[in-house]
$ cat final-v2.txt   # compact mmCIF, C-alpha atoms
# COMPACT_ATOMS: atom_id res chain seq x y z
CA MET A 1 11.05 17.37 -13.92
CA ALA A 2 7.98 15.24 -13.65
CA ASP A 3 8.15 11.47 -13.42
CA PRO A 4 7.24 9.43 -16.50
CA MET A 5 3.70 8.26 -17.18
CA LYS A 6 2.72 4.66 -17.42
CA ILE A 7 0.80 4.02 -20.63
CA ARG A 8 -1.05 0.82 -21.45
CA ALA A 9 -2.59 0.50 -24.90
CA GLN A 10 -4.35 -2.65 -26.00
CA ILE A 11 -6.28 -3.40 -29.13
CA LYS A 12 -9.72 -5.03 -28.85
CA GLY A 13 -11.26 -5.51 -32.31
CA ASP A 14 -10.66 -2.18 -34.01
CA VAL A 15 -10.90 -0.21 -30.79
CA ALA A 16 -7.76 0.62 -28.85
CA GLU A 17 -8.11 0.85 -25.11
CA ILE A 18 -5.63 3.36 -23.78
CA ARG A 19 -5.00 3.77 -20.09
CA VAL A 20 -2.62 6.34 -18.70
CA LEU A 21 -1.31 6.67 -15.17
CA MET A 22 0.23 10.07 -14.52
CA SER A 23 2.47 11.21 -11.72
CA HIS A 24 1.32 14.62 -10.58
CA PRO A 25 0.56 16.29 -7.23
CA MET A 26 -2.74 17.77 -8.52
CA GLU A 27 -2.81 20.37 -5.77
CA THR A 28 -6.19 22.13 -5.65
CA GLY A 29 -4.98 25.46 -4.31
CA GLN A 30 -7.47 25.23 -1.45
CA ARG A 31 -5.43 23.26 1.03
CA LYS A 32 -3.28 24.80 3.73
CA ASP A 33 0.05 23.57 5.02
CA SER A 34 0.94 23.12 8.69
CA ASP A 35 1.77 26.85 8.98
CA GLY A 36 -1.68 27.80 7.73
CA LYS A 37 -0.41 29.07 4.40
CA ILE A 38 -2.29 28.14 1.27
CA ILE A 39 -0.52 25.55 -0.85
CA PRO A 40 -0.43 27.01 -4.37
CA ALA A 41 -2.58 25.31 -6.98
CA HIS A 42 -0.70 22.91 -9.18
CA TYR A 43 -2.73 20.74 -11.47
CA ILE A 44 -2.89 19.39 -14.99
CA GLN A 45 -4.97 21.61 -17.28
CA THR A 46 -4.87 19.84 -20.60
CA VAL A 47 -4.42 16.26 -21.66
CA THR A 48 -3.96 15.27 -25.28
CA VAL A 49 -3.59 11.90 -26.92
CA ALA A 50 -2.10 11.51 -30.38
CA LEU A 51 -2.25 8.38 -32.49
CA ASN A 52 0.64 8.22 -34.97
CA GLY A 53 1.02 11.97 -34.61
CA LYS A 54 -2.66 12.73 -35.21
CA ASN A 55 -4.55 14.27 -32.34
CA VAL A 56 -7.42 11.99 -31.27
CA VAL A 57 -8.26 13.19 -27.76
CA SER A 58 -7.91 16.59 -26.16
CA GLY A 59 -9.39 17.39 -22.82
CA GLN A 60 -9.33 19.91 -20.02
CA THR A 61 -8.89 18.93 -16.40
CA GLY A 62 -8.85 20.84 -13.15
CA GLY A 63 -8.06 20.76 -9.49
CA SER A 64 -10.81 18.30 -8.66
CA VAL A 65 -8.92 15.41 -10.20
CA SER A 66 -7.00 13.21 -7.74
CA ARG A 67 -3.27 13.04 -7.27
CA ASN A 68 -1.55 10.57 -9.60
CA PRO A 69 -4.60 10.36 -11.85
CA VAL A 70 -5.57 7.57 -14.21
CA PHE A 71 -7.31 8.31 -17.52
CA GLY A 72 -8.85 5.80 -19.90
CA PHE A 73 -9.74 6.36 -23.56
CA LYS A 74 -11.16 4.23 -26.35
CA VAL A 75 -9.94 5.08 -29.83
CA LYS A 76 -11.55 3.61 -32.94
CA GLY A 77 -9.65 2.61 -36.05
CA ALA A 78 -6.32 1.89 -34.38
CA LYS A 79 -4.03 -1.00 -35.21
CA ALA A 80 -1.50 -2.96 -33.20
CA GLY A 81 1.88 -1.26 -33.42
CA ASP A 82 0.42 2.24 -33.70
CA LYS A 83 2.22 4.88 -31.67
CA VAL A 84 0.31 6.51 -28.85
CA ALA A 85 1.67 9.77 -27.48
CA VAL A 86 0.12 11.30 -24.37
CA THR A 87 0.87 14.85 -23.29
CA TRP A 88 -0.19 16.81 -20.25
CA LYS A 89 0.35 20.44 -19.44
CA ASP A 90 -0.16 21.95 -16.00
CA ASN A 91 -0.94 25.43 -14.71
CA LYS A 92 2.73 26.09 -13.92
CA GLY A 93 3.67 25.59 -17.55
CA ASP A 94 5.21 22.19 -16.91
CA SER A 95 4.46 19.48 -19.42
CA ARG A 96 5.39 15.95 -20.21
CA THR A 97 4.93 13.63 -23.18
CA ASP A 98 5.31 9.86 -23.11
CA GLU A 99 4.94 7.33 -25.88
CA ALA A 100 3.88 3.73 -26.14
CA SER A 101 2.89 1.42 -28.96
CA ILE A 102 -0.40 -0.41 -29.06
CA ALA A 103 -0.11 -4.09 -28.18
CA MET B 104 -45.99 1.65 40.31
CA LYS B 105 -44.99 4.34 37.88
CA LYS B 106 -41.49 2.95 37.82
CA ARG B 107 -42.76 -0.48 36.97
CA ILE B 108 -44.77 0.83 34.01
CA MET B 109 -41.73 2.71 32.77
CA ALA B 110 -39.67 -0.44 33.07
CA ALA B 111 -42.27 -2.42 31.21
CA ALA B 112 -42.39 0.21 28.50
CA LEU B 113 -38.63 0.11 28.22
CA VAL B 114 -38.62 -3.65 27.94
CA SER B 115 -41.20 -3.58 25.18
CA LEU B 116 -39.30 -0.83 23.41
CA CYS B 117 -36.15 -2.92 23.57
CA GLY B 118 -38.16 -5.83 22.30
CA VAL B 119 -39.22 -3.84 19.24
CA LEU B 120 -35.68 -2.64 18.60
CA GLY B 121 -34.36 -6.15 19.02
CA LEU B 122 -36.86 -7.41 16.48
CA SER B 123 -36.04 -4.75 13.93
CA PHE B 124 -32.36 -5.62 14.17
CA ALA B 125 -33.15 -9.24 13.48
CA THR B 126 -35.11 -8.57 10.30
CA PRO B 127 -33.45 -9.82 7.12
CA SER B 128 -33.55 -6.40 5.41
CA LEU B 129 -30.71 -5.11 7.57
CA ALA B 130 -28.56 -8.16 7.05
CA GLN B 131 -29.22 -7.84 3.34
CA LYS B 132 -28.29 -4.20 3.43
CA LYS B 133 -24.98 -5.07 5.10
CA ASP B 134 -24.23 -7.57 2.33
CA GLU B 135 -24.99 -4.91 -0.26
CA THR B 136 -22.60 -2.54 1.49
CA ILE B 137 -19.81 -5.10 1.44
CA ALA B 138 -20.57 -5.93 -2.20
CA GLY B 139 -20.42 -2.22 -2.98
CA ILE B 140 -17.05 -1.85 -1.29
CA GLU B 141 -15.77 -4.88 -3.18
CA LYS B 142 -16.94 -3.41 -6.47
CA TYR B 143 -15.18 -0.15 -5.65
CA ARG B 144 -11.99 -2.09 -4.91
CA GLU B 145 -12.31 -3.98 -8.16
CA MET B 146 -12.65 -0.74 -10.11
CA LEU B 147 -9.62 0.68 -8.35
CA GLY B 148 -7.60 -2.47 -8.83
CA ASP B 149 -6.44 -2.10 -12.43
CA ASP B 150 -4.30 0.97 -12.42
CA ASN B 151 -2.37 1.30 -9.24
CA PRO B 152 -0.28 4.44 -8.72
CA ALA B 153 2.11 2.14 -6.82
CA GLU B 154 3.49 1.50 -10.31
CA LEU B 155 4.92 5.01 -10.25
CA TYR B 156 6.77 4.09 -7.06
CA GLU B 157 7.91 0.86 -8.64
CA MET B 158 9.39 2.73 -11.63
CA ARG B 159 11.25 5.15 -9.38
CA GLY B 160 12.29 2.28 -7.10
CA GLU B 161 13.77 0.27 -9.95
CA ALA B 162 15.81 3.24 -11.09
CA ALA B 163 17.00 3.85 -7.52
CA TRP B 164 17.86 0.17 -7.08
CA LYS B 165 20.11 0.19 -10.13
CA LYS B 166 21.73 3.55 -9.54
CA PRO B 167 25.10 3.67 -7.76
CA ALA B 168 24.74 5.55 -4.47
CA GLY B 169 26.16 5.99 -1.00
CA PRO B 170 29.78 6.45 0.09
CA ASN B 171 30.78 3.26 -1.78
CA ASN B 172 29.03 4.51 -4.93
CA VAL B 173 27.59 1.12 -5.84
CA SER B 174 24.05 0.08 -6.73
CA LEU B 175 21.91 -2.29 -4.70
CA GLU B 176 22.03 -4.87 -7.48
CA LYS B 177 24.56 -6.87 -5.43
CA CYS B 178 22.14 -7.02 -2.51
CA ASP B 179 21.28 -10.51 -1.28
CA LEU B 180 17.59 -10.54 -0.40
CA GLY B 181 17.71 -14.18 0.65
CA LEU B 182 17.80 -15.99 -2.67
CA GLY B 183 21.37 -15.04 -3.53
CA ALA B 184 23.14 -11.82 -4.44
CA GLY B 185 21.30 -9.86 -7.08
CA ILE B 186 18.12 -11.95 -7.14
CA VAL B 187 15.07 -9.74 -6.64
CA LYS B 188 12.44 -11.85 -8.36
CA GLY B 189 10.44 -13.82 -5.82
CA ALA B 190 12.67 -12.77 -2.92
CA TYR B 191 9.99 -10.84 -1.05
CA ALA B 192 7.67 -13.87 -0.97
CA GLN B 193 10.27 -15.75 1.06
CA THR B 194 10.71 -13.18 3.80
CA PRO B 195 10.97 -12.60 6.72
CA ARG B 196 13.87 -14.98 7.11
CA TYR B 197 17.03 -15.46 9.13
CA PHE B 198 20.11 -13.93 7.52
CA GLU B 199 23.37 -15.54 8.51
CA ASP B 200 25.46 -12.45 7.71
CA ALA B 201 23.27 -10.15 9.79
CA GLY B 202 22.54 -12.69 12.52
CA ARG B 203 18.88 -11.79 12.82
CA VAL B 204 15.45 -12.33 11.30
CA MET B 205 14.67 -9.57 8.84
CA ASP B 206 11.66 -8.54 6.86
CA ILE B 207 12.16 -7.20 3.36
CA GLU B 208 12.51 -3.61 4.52
CA SER B 209 15.09 -4.42 7.17
CA ARG B 210 17.04 -6.35 4.58
CA ILE B 211 17.00 -3.52 2.04
CA ALA B 212 18.15 -1.17 4.80
CA TRP B 213 20.89 -3.63 5.74
CA CYS B 214 22.07 -3.67 2.11
CA MET B 215 22.07 0.11 2.01
CA MET B 216 24.35 0.09 5.04
CA THR B 217 26.67 -2.80 4.15
CA VAL B 218 26.77 -2.63 0.34
CA GLN B 219 26.46 1.10 -0.19
CA GLY B 220 28.08 2.16 3.07
CA ILE B 221 25.25 4.46 4.16
CA SER B 222 25.32 5.14 7.91
CA GLU B 223 22.55 3.76 10.10
CA ALA B 224 21.59 7.27 11.18
CA ASP B 225 21.14 8.35 7.55
CA MET B 226 19.18 5.21 6.72
CA ARG B 227 16.82 5.79 9.65
CA LYS B 228 16.28 9.47 8.87
CA ARG B 229 13.18 9.24 6.78
CA PRO B 230 11.71 5.74 6.43
CA PHE B 231 8.14 6.93 5.92
CA GLY B 232 7.59 9.65 3.37
CA SER B 233 4.63 11.83 2.51
CA ALA B 234 2.47 12.13 -0.56
CA ASP B 235 4.50 15.12 -1.71
CA LYS B 236 7.83 13.52 -1.02
CA PRO B 237 7.82 9.71 -0.93
CA SER B 238 10.77 8.18 0.89
CA LEU B 239 13.53 6.33 -0.93
CA MET B 240 12.65 3.25 1.13
CA GLU B 241 9.04 3.32 -0.07
CA ASP B 242 10.21 3.40 -3.68
CA LEU B 243 12.68 0.57 -3.14
CA VAL B 244 10.22 -1.58 -1.21
CA THR B 245 7.56 -1.13 -3.89
CA TYR B 246 10.03 -2.21 -6.58
CA VAL B 247 11.23 -5.26 -4.64
CA VAL B 248 7.80 -6.53 -3.59
CA THR B 249 6.35 -6.04 -7.08
CA ALA B 250 9.04 -8.45 -8.34
CA SER B 251 7.30 -11.17 -6.30
CA LYS B 252 4.02 -10.79 -8.18
CA GLY B 253 2.61 -14.26 -8.86
CA PHE B 254 4.76 -15.95 -6.21
CA LYS B 255 3.31 -17.80 -3.24
CA ILE B 256 4.04 -16.39 0.19
CA ALA B 257 6.53 -18.86 1.67
CA PRO B 258 8.70 -17.60 4.54
CA PRO B 259 11.02 -20.50 5.45
CA ASN B 260 10.18 -20.71 9.19
CA THR B 261 12.72 -23.49 9.69
CA HIS B 262 15.71 -21.84 11.42
CA PRO B 263 15.38 -21.74 15.23
CA GLN B 264 15.57 -17.93 15.09
CA GLU B 265 12.75 -17.81 12.55
CA LYS B 266 10.63 -20.03 14.77
CA ALA B 267 11.47 -17.86 17.77
CA ALA B 268 10.44 -14.74 15.82
CA PHE B 269 7.13 -16.37 14.91
CA GLU B 270 6.45 -17.23 18.54
CA LEU B 271 7.48 -13.79 19.74
CA GLY B 272 5.18 -12.23 17.17
CA GLN B 273 2.31 -14.45 18.22
CA SER B 274 2.73 -13.51 21.87
CA ILE B 275 3.07 -9.78 21.14
CA PHE B 276 -0.15 -10.09 19.13
CA HIS B 277 -1.98 -11.03 22.32
CA VAL B 278 -0.28 -8.71 24.82
CA ARG B 279 -2.61 -5.99 26.11
CA ALA B 280 -1.01 -2.66 26.94
CA GLY B 281 -1.31 1.09 26.76
CA PRO B 282 -4.00 3.51 28.02
CA TYR B 283 -6.74 1.59 26.19
CA ASP B 284 -5.48 -1.80 27.34
CA PHE B 285 -5.47 -2.89 23.71
CA SER B 286 -3.76 -5.82 22.06
CA CYS B 287 -3.63 -6.57 18.35
CA ALA B 288 -6.12 -9.31 19.12
CA THR B 289 -8.63 -6.78 20.49
CA CYS B 290 -9.45 -5.72 16.92
CA HIS B 291 -8.03 -8.65 14.99
CA GLY B 292 -9.03 -11.65 17.09
CA GLN B 293 -12.68 -12.08 16.13
CA ASP B 294 -14.64 -12.73 12.96
CA GLY B 295 -16.84 -10.17 11.22
CA LYS B 296 -15.61 -7.00 12.95
CA ARG B 297 -15.41 -3.67 11.24
CA ILE B 298 -14.16 -0.14 11.91
CA ARG B 299 -16.47 2.11 9.92
CA LEU B 300 -16.37 0.54 6.46
CA GLN B 301 -13.09 -1.26 6.96
CA GLU B 302 -13.51 -4.97 7.59
CA LEU B 303 -11.04 -6.24 10.14
CA PRO B 304 -9.33 -9.51 9.37
CA ASN B 305 -9.20 -12.09 12.15
CA LEU B 306 -5.45 -12.52 12.23
CA THR B 307 -5.55 -15.57 14.44
CA LYS B 308 -6.81 -17.49 11.40
CA ALA B 309 -4.72 -18.51 8.39
CA ALA B 310 -7.35 -17.62 5.77
CA ASP B 311 -7.71 -14.04 7.02
CA ASN B 312 -3.93 -13.66 7.25
CA GLN B 313 -3.64 -14.77 3.65
CA ARG B 314 -6.05 -12.06 2.57
CA ALA B 315 -4.57 -9.38 4.82
CA TYR B 316 -0.87 -10.04 4.38
CA ILE B 317 -0.96 -9.71 0.60
CA GLY B 318 -2.75 -6.39 1.07
CA TRP B 319 0.48 -4.69 2.17
CA PRO B 320 2.46 -2.75 1.03
CA ALA B 321 -0.37 -0.73 -0.50
CA TYR B 322 -1.14 2.56 -2.18
CA ARG B 323 -3.74 4.42 -0.15
CA VAL B 324 -5.94 6.76 -2.18
CA SER B 325 -6.85 8.76 0.94
CA THR B 326 -3.20 9.55 1.67
CA SER B 327 -2.05 9.38 -1.97
CA GLN B 328 0.99 7.30 -1.15
CA VAL B 329 2.44 3.83 -0.78
CA HIS B 330 2.71 2.54 2.77
CA SER B 331 5.03 -0.30 3.67
CA MET B 332 4.43 -3.19 6.06
CA GLN B 333 6.72 -1.56 8.64
CA TRP B 334 4.52 1.53 8.44
CA ARG B 335 1.39 -0.61 8.80
CA ILE B 336 2.59 -2.23 12.03
CA ASN B 337 3.90 1.12 13.25
CA ASP B 338 0.48 2.64 12.69
CA CYS B 339 -1.21 -0.26 14.50
CA PHE B 340 0.93 0.62 17.53
CA ARG B 341 -0.15 4.24 17.17
CA GLN B 342 -3.81 3.28 16.95
CA GLN B 343 -3.39 1.30 20.15
CA ARG B 344 -1.87 4.44 21.73
CA LEU B 345 1.37 2.57 22.39
CA PRO B 346 4.78 4.25 22.17
CA GLU B 347 6.11 4.38 18.63
CA PRO B 348 8.25 1.33 17.99
CA LYS B 349 11.77 1.76 16.69
CA TYR B 350 11.87 1.41 12.92
CA MET B 351 12.62 -2.24 12.01
CA SER B 352 12.72 -3.28 15.67
CA GLU B 353 12.70 -6.93 16.67
CA SER B 354 9.10 -6.75 17.86
CA VAL B 355 7.83 -5.29 14.58
CA ASN B 356 9.79 -7.85 12.58
CA ALA B 357 8.40 -10.59 14.82
CA LEU B 358 4.83 -9.45 14.17
CA ILE B 359 5.50 -9.40 10.42
CA THR B 360 7.03 -12.88 10.69
CA TYR B 361 3.94 -14.11 12.53
CA MET B 362 1.63 -12.76 9.83
CA ALA B 363 3.80 -13.95 6.95
CA VAL B 364 4.03 -17.49 8.29
CA MET B 365 0.28 -17.54 8.94
CA ALA B 366 -0.27 -16.33 5.35
CA THR B 367 1.89 -19.07 3.81
CA GLY B 368 0.46 -20.29 0.53
CA ALA B 369 -1.29 -17.08 -0.51
CA GLU B 370 -0.47 -15.86 -3.99
CA TYR B 371 1.08 -12.41 -3.94
CA LYS B 372 -0.52 -10.05 -6.45
CA GLY B 373 1.73 -7.02 -6.07
CA PRO B 374 1.09 -3.87 -4.04
CA ALA B 375 -2.57 -3.43 -3.21
CA LEU B 376 -4.76 -0.39 -3.75
CA LYS B 377 -6.75 0.81 -0.79
CA ARG B 378 -9.12 3.63 -0.04
$ encode --input "final-v2.txt" --output "structure tokens"
Amino acid sequence: MADPMKIRAQIKGDVAEIRVLMSHPMETGQRKDSDGKIIPAHYIQTVTVALNGKNVVSGQTGGSVSRNPVFGFKVKGAKAGDKVAVTWKDNKGDSRTDEASIA
Amino acid sequence: MKKRIMAAALVSLCGVLGLSFATPSLAQKKDETIAGIEKYREMLGDDNPAELYEMRGEAAWKKPAGPNNVSLEKCDLGLGAGIVKGAYAQTPRYFEDAGRVMDIESRIAWCMMTVQGISEADMRKRPFGSADKPSLMEDLVTYVVTASKGFKIAPPNTHPQEKAAFELGQSIFHVRAGPYDFSCATCHGQDGKRIRLQELPNLTKAADNQRAYIGWPAYRVSTSQVHSMQWRINDCFRQQRLPEPKYMSESVNALITYMAVMATGAEYKGPALKR
């Protein structure tokens, strides 16, 4: 089970600034371990952000993104107190969703 | 005759090189490099993956564990049993119950042994983790030090043992040893030195200690993990090609005491983020 994300969501005018810190190995599939065997790829493939249940961001990521990545989004038309839900899915079928409310 | 001409040519060549080094463009370029590194650090600064360690560390701190099946919440980090907030800023210090000067990591380990009943061998098994598998100690240390965010570094340095640790640390700092005949002071005893892009603090000066000391523990992007202060000193020994010091040994704690006392007054900003 993956560790929780850290979500920060702050309102500036009518734009919400959302920053997400994810815990993920983001293994490229090109590295080798000390025995010379390839370490299987393990990375986040899709990231979605929902505002009060409505999808506002969906993106694809790959093995070139760093371990424990940070993503930042700006969403228009949000209000303080709105619920932000961030979901990632990786190539092994693992996924995680975390929620935060906009401050 | 030929030799003399060659020598003259060499001298003039050196003269040209010397001149080009003295031109302001190079100095300016160096400033730009440092400004660029600082900007990079600033951009990295906001979202530190050390927070993931902190979250895990907090959970581990509050979870009953060990043969006694109790949490570390009863641990006395120097400000009284159970007080975590601001405790790190006042270490290393002398602990009456343990009878020695301890840095924060030694104290957490001591609590694991005395409060939770974990054996010393188990505690010493895996102090430094890897990116794939961080150690329990790294999680705990990150949680405890983050609780001192906003506090000023203020190790007591009043007990005779604390003063002795400071002096021991200061002397170890200047002892040259190993195949390279290195001391800590070889790299950290002068102003304006650098290894590749890494500026080296002059740790004989308070101001540089203040900047450097609050830089650890830190999350390193290049290794994708949090490193503790014990690891930092350990790695300094490795870089000097000295034998690996025992984890939490008196000499390592003395060096940390020396740096902490020299850094007194610096505001701690939580775990740093480094390349």
$ residues_near_point --input "final-v2.txt" --point "(-9.5, 2.7, -27.4)" --cutoff "9 Å" --atoms "all atoms listed in the file" --output "count of residues only"
17
$ closest_atom_pairs --input "final-v2.txt" --of "chain A" --to "chain B" --cutoff "7 Å" --atoms "all atoms listed in the file" --output "CSV"
residue,atom,partner,partner_atom,distance
A:Leu21,CA,B:Pro152,CA,6.9
A:Ser23,CA,B:Leu155,CA,6.8
A:Pro25,CA,B:Asp235,CA,6.9
A:Arg67,CA,B:Ser327,CA,6.6
A:Asn68,CA,B:Pro152,CA,6.3
A:Val70,CA,B:Asp150,CA,7.0
$ atom_distance --input "final-v2.txt" --atom1 "CA of Tyr43 (chain A)" --atom2 "CA of Met26 (chain A)"
4.2 Å
$ residues_around --input "final-v2.txt" --residues "region 171-184 of chain B" --least-positions-apart "2" --cutoff "12 Å" --atoms "all atoms listed in the file" --output "ChimeraX atom specification"
/B:160-169,186-201,204-222,243-244,247-248,250-251,258-259
$ atom_distance --input "final-v2.txt" --atom1 "CA of Arg31 (chain A)" --atom2 "CA of Ile44 (chain A)"
16.7 Å
$ atom_distance --input "final-v2.txt" --atom1 "CA of Thr97 (chain A)" --atom2 "CA of Gly59 (chain A)"
14.8 Å
